[in-house]
$ cat upload24.cif   # mmCIF, C-alpha atoms
data_target
loop_
_atom_site.label_atom_id
_atom_site.label_comp_id
_atom_site.auth_asym_id
_atom_site.auth_seq_id
_atom_site.Cartn_x
_atom_site.Cartn_y
_atom_site.Cartn_z
CA MET A 8 0.00 0.00 0.00
CA VAL A 9 1.44 3.33 -1.07
CA GLY A 10 1.69 5.85 1.78
CA GLY A 11 -0.70 8.77 1.75
CA MET A 12 2.00 11.44 1.69
CA ALA A 13 3.94 9.56 -1.00
CA LYS A 14 0.80 9.37 -3.13
CA LEU A 15 0.09 13.04 -2.51
CA ALA A 16 3.62 13.95 -3.62
CA GLU A 17 2.77 12.48 -7.03
CA ASN A 18 -0.42 14.53 -7.36
CA PRO A 19 -0.25 16.58 -10.60
CA ARG A 20 -1.52 19.67 -8.81
CA LEU A 21 1.26 19.50 -6.22
CA ILE A 22 3.82 18.93 -8.96
CA ALA A 23 2.50 22.00 -10.79
CA PHE A 24 2.57 23.99 -7.55
CA ARG A 25 6.28 23.37 -7.11
CA ALA A 26 6.95 25.29 -10.31
CA LEU A 27 5.00 28.37 -9.22
CA ALA A 28 6.38 31.51 -7.59
CA GLY A 29 5.21 34.90 -6.40
CA ALA A 30 1.58 35.82 -6.95
CA GLU A 31 0.77 32.54 -8.75
CA ARG A 32 2.10 30.50 -5.84
CA ASP A 33 0.07 32.58 -3.36
CA ALA A 34 -3.09 32.22 -5.46
CA ALA A 35 -2.66 28.43 -5.56
CA LEU A 36 -2.41 28.24 -1.78
CA MET A 37 -5.40 30.54 -1.40
CA HIS A 38 -7.38 28.26 -3.72
CA VAL A 39 -6.82 25.33 -1.35
CA GLU A 40 -7.52 27.59 1.64
CA THR A 41 -10.84 28.49 -0.01
CA VAL A 42 -11.73 24.80 -0.21
CA ARG A 43 -10.79 24.42 3.46
CA ARG A 44 -13.01 27.33 4.48
CA GLN A 45 -15.92 25.97 2.50
CA ALA A 46 -15.41 22.59 4.18
CA GLU A 47 -15.51 24.36 7.57
CA ALA A 48 -18.80 25.97 6.56
CA LEU A 49 -20.17 22.58 5.54
CA LEU A 50 -19.10 21.08 8.90
CA ALA A 51 -20.86 23.93 10.69
CA ALA A 52 -24.03 23.38 8.68
CA MET A 53 -24.01 19.65 9.44
CA THR A 54 -23.41 20.27 13.13
CA ALA A 55 -26.16 22.90 13.22
CA HIS A 56 -28.64 20.42 11.69
CA VAL A 57 -27.90 17.75 14.26
CA ASP A 58 -27.99 20.33 17.06
CA SER A 59 -31.34 21.81 16.00
CA THR A 60 -33.07 18.48 15.34
CA GLY A 61 -31.68 16.67 18.38
CA SER A 62 -30.80 13.68 16.19
CA TYR A 63 -27.67 13.10 18.27
CA ALA A 64 -29.99 11.19 20.61
CA ASP A 65 -30.52 8.50 17.95
CA ASP A 66 -27.31 6.82 19.07
CA GLY A 67 -27.72 7.64 22.74
CA HIS A 68 -25.56 10.78 22.86
CA ARG A 69 -26.48 13.28 25.57
CA ASN A 70 -25.86 16.34 23.42
CA THR A 71 -24.29 17.58 20.19
CA VAL A 72 -20.84 17.93 21.76
CA CYS A 73 -20.83 14.24 22.67
CA TRP A 74 -21.90 13.35 19.13
CA VAL A 75 -19.08 15.38 17.58
CA ARG A 76 -16.53 13.84 19.95
CA ALA A 77 -17.71 10.32 19.15
CA VAL A 78 -17.72 10.78 15.40
CA THR A 79 -14.51 12.79 14.94
CA ASN A 80 -12.52 11.54 17.97
CA CYS A 81 -11.57 15.09 18.95
CA SER A 82 -11.15 16.72 22.34
CA ARG A 83 -14.10 18.09 24.25
CA SER A 84 -12.87 21.65 23.79
CA ASP A 85 -12.64 21.21 20.01
CA ALA A 86 -16.10 19.65 19.89
CA ALA A 87 -17.57 22.44 22.01
CA LEU A 88 -15.97 25.04 19.75
CA ARG A 89 -17.51 23.39 16.70
CA VAL A 90 -20.95 23.44 18.29
CA ARG A 91 -20.57 27.09 19.33
CA THR A 92 -19.48 27.89 15.78
CA ALA A 93 -22.54 26.17 14.36
CA ARG A 94 -24.84 28.11 16.68
CA MET A 95 -23.12 31.41 15.91
CA VAL A 96 -23.45 30.83 12.16
CA GLY A 97 -27.12 29.97 12.69
CA ASP A 98 -27.71 33.31 14.44
CA LEU A 99 -25.50 35.26 12.02
CA PRO A 100 -26.02 33.83 8.52
CA THR A 101 -23.97 36.64 6.95
CA VAL A 102 -20.92 35.35 8.83
CA GLY A 103 -21.62 31.87 7.47
CA ASP A 104 -21.87 33.33 3.97
CA ALA A 105 -18.49 35.01 4.46
CA LEU A 106 -17.00 31.64 5.42
CA VAL A 107 -18.53 29.90 2.41
CA ASN A 108 -17.21 32.65 0.13
CA ALA A 109 -13.76 32.35 1.77
CA HIS A 110 -13.71 35.95 3.02
CA LEU A 111 -13.06 34.78 6.58
CA GLY A 112 -10.75 32.11 7.92
CA THR A 113 -10.89 29.97 11.03
CA SER A 114 -9.10 32.56 13.18
CA GLN A 115 -11.60 35.29 12.28
CA ILE A 116 -14.56 32.94 12.78
CA ASN A 117 -13.28 32.13 16.28
CA GLN A 118 -13.39 35.84 17.11
CA PHE A 119 -17.05 35.92 16.08
CA VAL A 120 -17.68 32.86 18.25
CA ARG A 121 -16.09 34.61 21.22
CA LEU A 122 -18.20 37.74 20.73
CA HIS A 123 -21.35 35.64 20.23
CA ALA A 124 -20.73 33.99 23.62
CA ASN A 125 -21.02 37.39 25.35
CA ASP A 126 -24.69 37.73 26.32
CA ARG A 127 -24.56 41.54 26.33
CA ALA A 128 -22.61 41.91 23.10
CA ARG A 129 -24.65 39.31 21.18
CA PRO A 130 -27.72 41.53 20.50
CA LYS A 131 -25.47 44.19 18.93
CA LEU A 132 -23.47 41.68 16.91
CA GLY A 133 -26.09 41.32 14.18
CA PRO A 134 -26.06 45.00 13.07
CA ALA A 135 -22.27 45.07 13.37
CA ALA A 136 -21.65 41.83 11.43
CA PRO A 137 -21.29 43.37 7.92
CA LEU A 138 -18.68 45.85 9.12
CA LEU A 139 -16.83 43.24 11.17
CA ILE A 140 -16.81 40.89 8.18
CA GLU A 141 -15.30 43.64 6.05
CA HIS A 142 -12.59 44.28 8.64
CA GLY A 143 -11.95 40.56 9.10
CA SER A 144 -11.45 40.04 5.37
CA LEU A 145 -9.10 43.00 4.87
CA LEU A 146 -7.19 43.54 8.10
CA PRO A 147 -4.29 41.39 9.34
CA TYR A 148 -5.60 39.05 12.02
CA GLU A 149 -3.87 40.86 14.90
CA ASP A 150 -5.55 44.13 13.91
CA PHE A 151 -8.93 42.43 13.48
CA ARG A 152 -8.59 40.95 16.97
CA LYS A 153 -8.09 44.48 18.33
CA VAL A 154 -11.19 45.65 16.44
CA CYS A 155 -13.21 42.86 18.07
CA GLN A 156 -11.88 43.88 21.49
CA ARG A 157 -12.98 47.46 20.84
CA PHE A 158 -16.43 46.31 19.72
CA GLU A 159 -16.83 44.26 22.88
CA GLN A 160 -15.68 47.19 25.01
CA PHE A 161 -18.28 49.46 23.40
CA ALA A 162 -21.03 46.83 23.32
CA ASP A 163 -20.51 45.68 26.92
CA PRO A 164 -18.73 48.45 28.87
CA ASP A 165 -19.87 47.04 32.21
CA GLY A 166 -18.50 43.61 31.36
CA ALA A 167 -15.22 45.07 30.09
CA HIS A 168 -14.83 47.06 33.30
CA ARG A 169 -15.72 43.98 35.35
CA ASP A 170 -13.02 41.97 33.55
CA HIS A 171 -10.44 44.65 34.31
CA GLU A 172 -11.50 44.78 37.95
CA THR A 173 -11.44 40.99 38.24
CA SER A 174 -7.93 40.82 36.74
CA ARG A 175 -6.77 43.50 39.14
CA ALA A 176 -8.46 41.90 42.17
CA ASN A 177 -7.01 38.46 41.35
CA ARG A 178 -3.45 39.71 40.88
CA TYR A 179 -0.74 37.67 42.55
CA ILE A 180 2.86 36.56 42.29
CA SER A 181 4.21 33.38 43.81
CA PHE A 182 7.69 31.96 44.32
CA THR A 183 8.08 28.20 44.76
CA PRO A 184 11.48 26.54 45.38
CA ASP A 185 11.85 23.28 43.47
CA GLY A 186 14.99 21.33 44.34
CA ALA A 187 17.87 22.96 42.47
CA GLY A 188 15.50 25.41 40.77
CA PHE A 189 12.41 27.49 41.37
CA HIS A 190 9.10 28.47 39.75
CA LEU A 191 7.82 32.02 39.52
CA ARG A 192 4.18 32.62 38.56
CA ALA A 193 2.30 35.88 38.27
CA GLN A 194 -0.92 37.24 36.85
CA GLY A 195 -2.66 40.61 36.88
CA ASP A 196 -4.36 43.26 34.78
CA ALA A 197 -3.42 44.08 31.19
CA LEU A 198 -1.89 47.48 31.92
CA SER A 199 0.42 46.08 34.60
CA GLY A 200 1.35 43.28 32.22
CA SER A 201 2.29 45.81 29.54
CA ILE A 202 4.60 47.57 32.00
CA VAL A 203 6.30 44.27 32.87
CA GLU A 204 6.57 43.33 29.20
CA GLU A 205 8.12 46.66 28.22
CA VAL A 206 10.72 46.64 31.01
CA LEU A 207 11.65 43.01 30.35
CA ALA A 208 11.95 43.65 26.60
CA ARG A 209 14.36 46.54 27.18
CA PHE A 210 16.60 44.51 29.48
CA ALA A 211 16.44 41.47 27.16
CA GLN A 212 17.54 43.65 24.24
CA ALA A 213 20.55 44.78 26.26
CA GLU A 214 21.42 41.12 26.92
CA PHE A 215 21.12 40.38 23.20
CA ASP A 216 23.39 43.30 22.30
CA LYS A 217 25.99 42.01 24.77
CA ASP A 218 25.85 38.48 23.31
CA TRP A 219 26.14 39.82 19.78
CA ALA A 220 29.11 42.06 20.62
CA ASP A 221 30.86 39.13 22.34
CA GLY A 222 30.13 36.93 19.32
CA VAL A 223 31.54 39.45 16.85
CA ALA A 224 34.70 39.74 18.94
CA LEU A 225 35.06 35.95 18.88
CA HIS A 226 33.85 35.01 15.39
CA GLY A 227 34.27 38.21 13.39
CA ASP A 228 32.44 38.31 10.05
CA LYS A 229 31.18 34.75 10.59
CA MET A 230 28.94 35.86 13.45
CA CYS A 231 25.29 34.85 13.07
CA ALA A 232 22.29 34.12 15.30
CA ALA A 233 23.24 30.44 15.57
CA LEU A 234 26.50 31.41 17.31
CA LEU A 235 24.89 33.42 20.09
CA ALA A 236 26.02 32.24 23.54
CA ARG A 237 22.50 32.16 25.01
CA THR A 238 19.04 31.29 23.72
CA HIS A 239 16.22 33.84 23.62
CA ARG A 240 14.61 32.25 26.70
CA GLN A 241 17.86 32.26 28.63
CA ARG A 242 18.45 35.94 27.84
CA ARG A 243 14.95 36.86 29.05
CA PHE A 244 15.55 35.03 32.33
CA ASP A 245 18.91 36.70 32.80
CA ALA A 246 17.28 40.03 32.00
CA PHE A 247 14.72 39.42 34.75
CA ILE A 248 17.50 38.69 37.24
CA HIS A 249 19.24 41.88 36.12
CA ILE A 250 16.03 43.81 36.77
CA CYS A 251 15.81 42.39 40.29
CA ARG A 252 19.44 43.20 41.05
CA THR A 253 19.11 46.82 39.91
CA ALA A 254 15.65 47.44 41.39
CA GLY A 255 17.10 48.94 44.57
CA GLU A 256 18.80 51.81 42.78
CA ALA A 257 17.38 55.15 43.85
CA MET A 258 15.45 56.96 41.12
CA SER A 259 13.77 60.36 41.24
CA THR A 260 10.12 60.25 40.21
CA ASP A 261 10.69 63.24 37.95
CA SER A 262 13.35 61.36 36.00
CA LEU A 263 11.15 58.41 35.13
CA VAL A 264 10.65 57.96 31.39
CA PRO A 265 7.18 56.61 30.57
CA LEU A 266 7.44 52.87 29.96
CA VAL A 267 3.94 52.27 28.62
CA ASN A 268 1.96 54.26 26.08
CA ILE A 269 -1.84 54.28 26.17
CA TYR A 270 -3.21 54.93 22.70
CA CYS A 271 -6.53 56.73 22.60
CA ASP A 272 -8.49 59.06 20.35
CA PRO A 273 -9.73 62.54 21.34
CA GLN A 274 -13.36 61.41 21.59
CA THR A 275 -12.51 58.60 23.98
CA VAL A 276 -10.55 60.99 26.17
CA ALA A 277 -13.46 63.46 26.24
CA GLU A 278 -15.99 60.74 27.05
CA ALA A 279 -13.81 59.21 29.76
CA ILE A 280 -13.77 62.58 31.48
CA ARG A 281 -17.40 63.51 30.81
CA LEU A 282 -18.86 60.13 31.75
CA LEU A 283 -16.93 59.73 34.98
CA ASP A 284 -19.50 58.30 37.35
CA VAL A 285 -19.32 60.15 40.64
CA ASP A 286 -21.79 58.01 42.56
CA GLN A 287 -20.84 54.72 44.21
CA SER A 288 -18.73 53.17 41.47
CA GLY A 289 -16.60 56.20 40.63
CA ARG A 290 -15.63 54.77 37.25
CA ALA A 291 -15.76 55.94 33.67
CA GLY A 292 -17.58 54.22 30.85
CA LEU A 293 -17.45 54.51 27.08
CA SER A 294 -20.58 55.53 25.23
CA PRO A 295 -22.69 52.69 23.80
CA TRP A 296 -21.49 51.41 20.47
CA GLY A 297 -23.70 52.66 17.63
CA PRO A 298 -25.17 50.43 14.92
CA GLU A 299 -23.21 52.19 12.20
CA GLY A 300 -19.95 50.95 13.72
CA THR A 301 -17.78 53.61 12.12
CA GLU A 302 -15.77 53.97 15.34
CA LEU A 303 -14.27 50.50 15.45
CA ILE A 304 -11.11 51.56 13.61
CA SER A 305 -10.62 55.11 14.87
CA ARG A 306 -11.79 54.63 18.49
CA ARG A 307 -9.24 53.05 20.76
CA CYS A 308 -8.16 52.85 24.38
CA GLU A 309 -5.33 50.32 24.58
CA THR A 310 -1.60 49.84 25.07
CA SER A 311 0.84 49.61 22.17
CA SER A 312 0.58 45.81 22.32
CA GLY A 313 -3.20 46.02 21.90
CA ALA A 314 -4.13 45.21 25.51
CA PRO A 315 -7.43 46.98 26.30
CA VAL A 316 -7.25 49.69 28.95
CA ASP A 317 -10.13 50.48 31.28
CA PRO A 318 -11.25 54.15 31.03
CA ASN A 319 -10.53 54.54 34.74
CA ASP A 320 -6.88 53.69 34.08
CA LEU A 321 -6.88 56.20 31.24
CA LEU A 322 -8.10 58.88 33.63
CA VAL A 323 -5.34 57.99 36.10
CA ALA A 324 -2.78 58.29 33.30
CA LEU A 325 -4.16 61.68 32.32
CA LEU A 326 -3.91 62.91 35.91
CA THR A 327 -0.57 61.47 36.99
CA GLY A 328 1.48 61.45 33.82
CA HIS A 329 3.46 58.36 34.87
CA VAL A 330 1.97 56.49 31.90
CA ARG A 331 2.13 58.40 28.65
CA ARG A 332 -1.06 58.79 26.62
CA VAL A 333 -0.75 59.05 22.85
CA ILE A 334 -3.73 60.80 21.29
CA THR A 335 -4.08 59.85 17.65
CA ALA A 336 -6.02 61.44 14.84
CA ALA A 337 -8.86 59.73 12.97
CA ASP A 338 -6.40 58.01 10.61
CA GLY A 339 -4.49 56.51 13.54
CA ARG A 340 -1.23 58.35 12.90
CA VAL A 341 0.78 60.62 15.18
CA ILE A 342 1.23 64.15 13.81
CA ASP A 343 4.38 65.05 11.85
CA LEU A 344 6.93 66.74 14.10
CA GLY A 345 8.59 68.56 11.24
CA ARG A 346 12.13 67.21 11.60
CA ARG A 347 14.15 67.28 8.37
CA SER A 348 17.02 64.84 7.97
CA ARG A 349 17.75 61.56 6.29
CA LEU A 350 17.56 59.57 9.52
CA PHE A 351 14.64 59.38 11.92
CA ARG A 352 16.19 60.54 15.17
CA GLY A 353 14.94 61.96 18.44
CA ALA A 354 11.37 63.20 18.37
CA ALA A 355 10.84 62.13 14.76
CA ARG A 356 11.82 58.54 15.58
CA GLU A 357 9.70 58.56 18.73
CA ALA A 358 6.64 59.78 16.83
CA ALA A 359 7.11 57.14 14.14
CA MET A 360 7.43 54.38 16.74
CA LEU A 361 4.33 55.58 18.56
CA ALA A 362 2.40 55.19 15.31
CA GLY A 363 3.28 51.49 15.27
CA ASP A 364 6.11 49.28 16.53
CA ARG A 365 5.38 46.08 14.57
CA CYS A 366 7.16 45.18 11.34
CA ILE A 367 4.86 46.19 8.46
CA HIS A 368 6.07 43.50 6.05
CA ALA A 369 3.21 41.13 5.25
CA GLY A 370 3.12 38.19 7.64
CA CYS A 371 5.87 39.50 9.95
CA HIS A 372 4.87 40.33 13.53
CA ILE A 373 8.24 41.12 15.10
CA ARG A 374 8.04 44.13 17.37
CA GLY A 375 9.93 45.93 20.12
CA GLY A 376 13.68 46.38 20.32
CA ARG A 377 14.42 44.59 17.03
CA ILE A 378 12.49 47.18 14.98
CA HIS A 379 14.17 49.64 12.61
CA LEU A 380 12.63 52.70 10.95
CA ASP A 381 13.02 53.18 7.23
CA HIS A 382 11.61 55.25 4.39
CA THR A 383 8.78 53.48 2.58
CA LEU A 384 9.76 55.48 -0.52
CA SER A 385 13.56 55.33 -0.73
CA TRP A 386 15.32 58.50 0.43
CA ALA A 387 18.34 57.99 -1.85
CA ASP A 388 16.89 56.40 -5.00
CA LYS A 389 13.39 57.93 -5.11
CA LEU A 390 13.88 61.12 -3.11
CA GLY A 391 11.45 60.02 -0.40
CA PRO A 392 11.00 62.66 2.32
CA THR A 393 11.90 62.11 5.97
CA ASP A 394 8.47 62.64 7.49
CA GLN A 395 5.72 60.67 9.21
CA ASP A 396 3.92 59.94 5.92
CA ASN A 397 6.99 58.17 4.52
CA VAL A 398 8.18 56.01 7.40
CA GLY A 399 7.36 52.51 8.52
CA PRO A 400 8.72 50.16 11.19
CA GLU A 401 10.54 47.11 9.88
CA CYS A 402 12.58 44.33 11.44
CA SER A 403 16.27 44.18 10.50
CA HIS A 404 15.63 41.25 8.14
CA HIS A 405 12.97 43.00 6.06
CA ASN A 406 14.68 46.37 6.25
CA LEU A 407 17.65 44.86 4.39
CA LEU A 408 15.55 42.59 2.18
CA ASN A 409 13.45 45.47 0.85
CA GLU A 410 16.58 47.19 -0.42
CA VAL A 411 17.88 44.01 -2.06
CA ARG A 412 14.63 42.61 -3.51
CA GLY A 413 12.82 45.85 -4.26
CA PHE A 414 9.78 45.21 -2.05
CA LEU A 415 7.61 48.25 -1.36
CA ASN A 416 5.42 48.79 1.70
CA GLN A 417 2.43 51.07 1.17
CA ARG A 418 -0.37 52.27 3.39
CA ARG A 419 -3.68 50.61 2.48
CA PRO A 420 -6.15 53.27 1.28
CA GLY A 421 -9.27 53.53 3.39
CA ILE A 422 -7.98 51.55 6.36
CA PRO A 423 -6.12 53.65 8.96
CA GLY A 424 -2.76 52.26 9.97
CA GLY A 425 -2.98 49.44 7.39
CA TRP A 426 -0.08 48.44 5.15
CA VAL A 427 0.36 46.27 2.07
CA THR A 428 3.62 44.82 0.78
CA MET A 429 4.16 44.87 -2.97
CA ARG A 430 6.62 42.90 -5.08
CA PHE A 431 8.78 44.62 -7.65
CA ASP A 432 6.36 43.45 -10.39
CA GLY A 433 3.43 45.24 -8.71
CA SER A 434 1.76 42.12 -7.28
CA ARG A 435 0.77 42.05 -3.63
CA ILE A 436 2.31 39.74 -1.05
CA GLY A 437 -0.47 38.08 0.91
CA ILE A 438 -4.02 37.86 -0.39
CA ARG A 439 -7.04 39.55 1.15
CA THR A 440 -10.59 39.32 -0.11
CA SER A 441 -13.33 41.91 0.14
CA PRO A 442 -17.01 40.91 0.26
CA ALA A 443 -17.78 43.98 -1.82
CA THR A 444 -15.52 42.86 -4.69
CA SER A 445 -15.88 39.09 -4.50
CA PRO A 446 -15.64 37.13 -7.77
CA PRO A 447 -18.17 34.31 -8.21
CA LEU A 448 -16.90 31.05 -6.74
CA ALA A 449 -17.12 27.71 -8.47
CA ASP A 450 -18.02 24.59 -6.55
CA LEU A 451 -14.46 23.99 -5.41
CA LEU A 452 -15.40 21.06 -3.18
CA ASP A 453 -15.83 18.91 -6.30
CA SER A 454 -12.29 19.78 -7.37
CA VAL A 455 -10.65 18.27 -4.27
CA PRO A 456 -8.67 15.21 -5.36
CA PRO A 457 -9.73 11.95 -3.70
#

$ encode --input "upload24.cif" --output "structure tokens"
Amino acid sequence: MVGGMAKLAENPRLIAFRALAGAERDAALMHVETVRRQAEALLAAMTAHVDSTGSYADDGHRNTVCWVRAVTNCSRSDAALRVRTARMVGDLPTVGDALVNAHLGTSQINQFVRLHANDRARPKLGPAAPLLIEHGSLLPYEDFRKVCQRFEQFADPDGAHRDHETSRANRYISFTPDGAGFHLRAQGDALSGSIVEEVLARFAQAEFDKDWADGVALHGDKMCAALLARTHRQRRFDAFIHICRTAGEAMSTDSLVPLVNIYCDPQTVAEAIRLLDVDQSGRAGLSPWGPEGTELISRRCETSSGAPVDPNDLLVALLTGHVRRVITAADGRVIDLGRRSRLFRGAAREAAMLAGDRCIHAGCHIRGGRIHLDHTLSWADKLGPTDQDNVGPECSHHNLLNEVRGFLNQRRPGIPGGWVTMRFDGSRIGIRTSPATSPPLADLLDSVPP
């Protein structure tokens, strides 16, 4: 019997795929992904039928989850997710249509399932579905996840505040000796976590720079990442120990540089102040999310890593100044500071980093200390200006690769803060689909090879 993978390797379609490159290669993968998404929609429809008719009881199953587990031999969590997906698609048929038409993938569908599980957000999910589908089909997943967080914060402000309060109330840190080692565990609210993450990232970067300098001194031009003395995990641990050893150093409060930035828009700031509840709760709340949903992109109250921030914490930041607030315009960009030079230094670099600290190359999510700033339109070859409209954060790998391969990063029209990466031939790296411009789909399920 010929092995399945060996037989698949001889499939004419796979053989043809090996000869493809660039946009044709991406389109071929997206074709198979379309089949996968349609299969997911078919699974949801089958599960919904069994769930609505109760036919799972024919074989003695207690519920639909048990039936799915028995038939597919999956975990209970996977079976429960499939049932929740089926019920969500039943309540929101437009989301199911988007899955059938391959506008949404599994990751985006799971975000809809999470929102659908929120009893207070669910009634507002129907009117918002078309806009969320549009965002899910066009935005990178990380940005779409942030949009869903913002929707939930607007749709269920009480629940969002309760989650923040619960995280804060349940904060703890524990130290447990374990023979020759120890375990350290901690949990808390998102804002505190962002502070810890930022400090640790800065110290870890210093450890990396030390390892790299030592490696260059030892290996010279042959130095590469594989020759680093410590792993990434080891450097983070050593950075934490370094933090603990230096924590006792005296520091003046006035000399503290803000470690965390809270990104917010002017309207959110105004509402946080105006809607401060002065009765028993003493907390702020965002205004109810409107059915038009135009605020999901421009409205924000979160850290640079996308962690949602409670309006009360925003008010504290406004009053104390120990956490810096970055007020963005409607297009999500920080204003140009007017510096003129080839390099982005000082205030110009800071403003560019505040506008986004994640590599903008399609599919790359590196952020933090390994980010460089570069002109999106070349300063030397194409006379690109050194201003906030012509700068984008890139990791060291893509910063160099763009110069060598001629890739071009461009802001996506109509979507604030969005970027697309173009090849030198004008084709786009990474495929997005828009429900408004969808081509008719053939019955791709019949084209799947047996």

$ atom_distance --input "upload24.cif" --atom1 "atom CA of A:Glu401" --atom2 "atom CA of A:Ile367"
5.9 Å

$ atom_distance --input "upload24.cif" --atom1 "atom CA of A:Arg243" --atom2 "atom CA of A:Arg209"
9.9 Å

$ residues_around --input "upload24.cif" --residues "A:Ala105" --least-positions-apart "6" --cutoff "9 Å" --atoms "all atoms listed in the file" --output "PDB file with C-alpha atoms, keeping the file's coordinate frame"
ATOM      1  CA  LEU A 111     -13.060  34.780   6.580  1.00  0.00           C
ATOM      2  CA  GLY A 112     -10.750  32.110   7.920  1.00  0.00           C
ATOM      3  CA  ILE A 140     -16.810  40.890   8.180  1.00  0.00           C
ATOM      4  CA  SER A 144     -11.450  40.040   5.370  1.00  0.00           C
ATOM      5  CA  PRO A 442     -17.010  40.910   0.260  1.00  0.00           C
TER       6      PRO A 442
END

$ closest_residue --input "upload24.cif" --among "A:Ala52, A:Ala109, A:Val78, A:Ala64" --to "A:Met95" --atoms "all atoms listed in the file"
A:Ala52

$ axis_aligned_box --input "upload24.cif" --around "stretch 142-145 of chain A" --padding-each-side "3 Å" --output "lines of an AutoDock Vina configuration file"
center_x = -10.8
center_y = 42.2
center_z = 7.0
size_x = 9.5
size_y = 10.2
size_z = 10.2

$ residues_near_point --input "upload24.cif" --point "(-25.2, 35.3, 20.9)" --cutoff "12 Å" --atoms "only C-alpha atoms" --output "list of chain:residue names"
A:Arg91, A:Thr92, A:Ala93, A:Arg94, A:Met95, A:Val96, A:Gly97, A:Asp98, A:Leu99, A:Phe119, A:Val120, A:Arg121, A:Leu122, A:His123, A:Ala124, A:Asn125, A:Asp126, A:Arg127, A:Ala128, A:Arg129, A:Pro130, A:Lys131, A:Leu132, A:Gly133

$ atom_distance --input "upload24.cif" --atom1 "atom CA of A:Gln115" --atom2 "atom CA of A:Tyr270"
23.8 Å
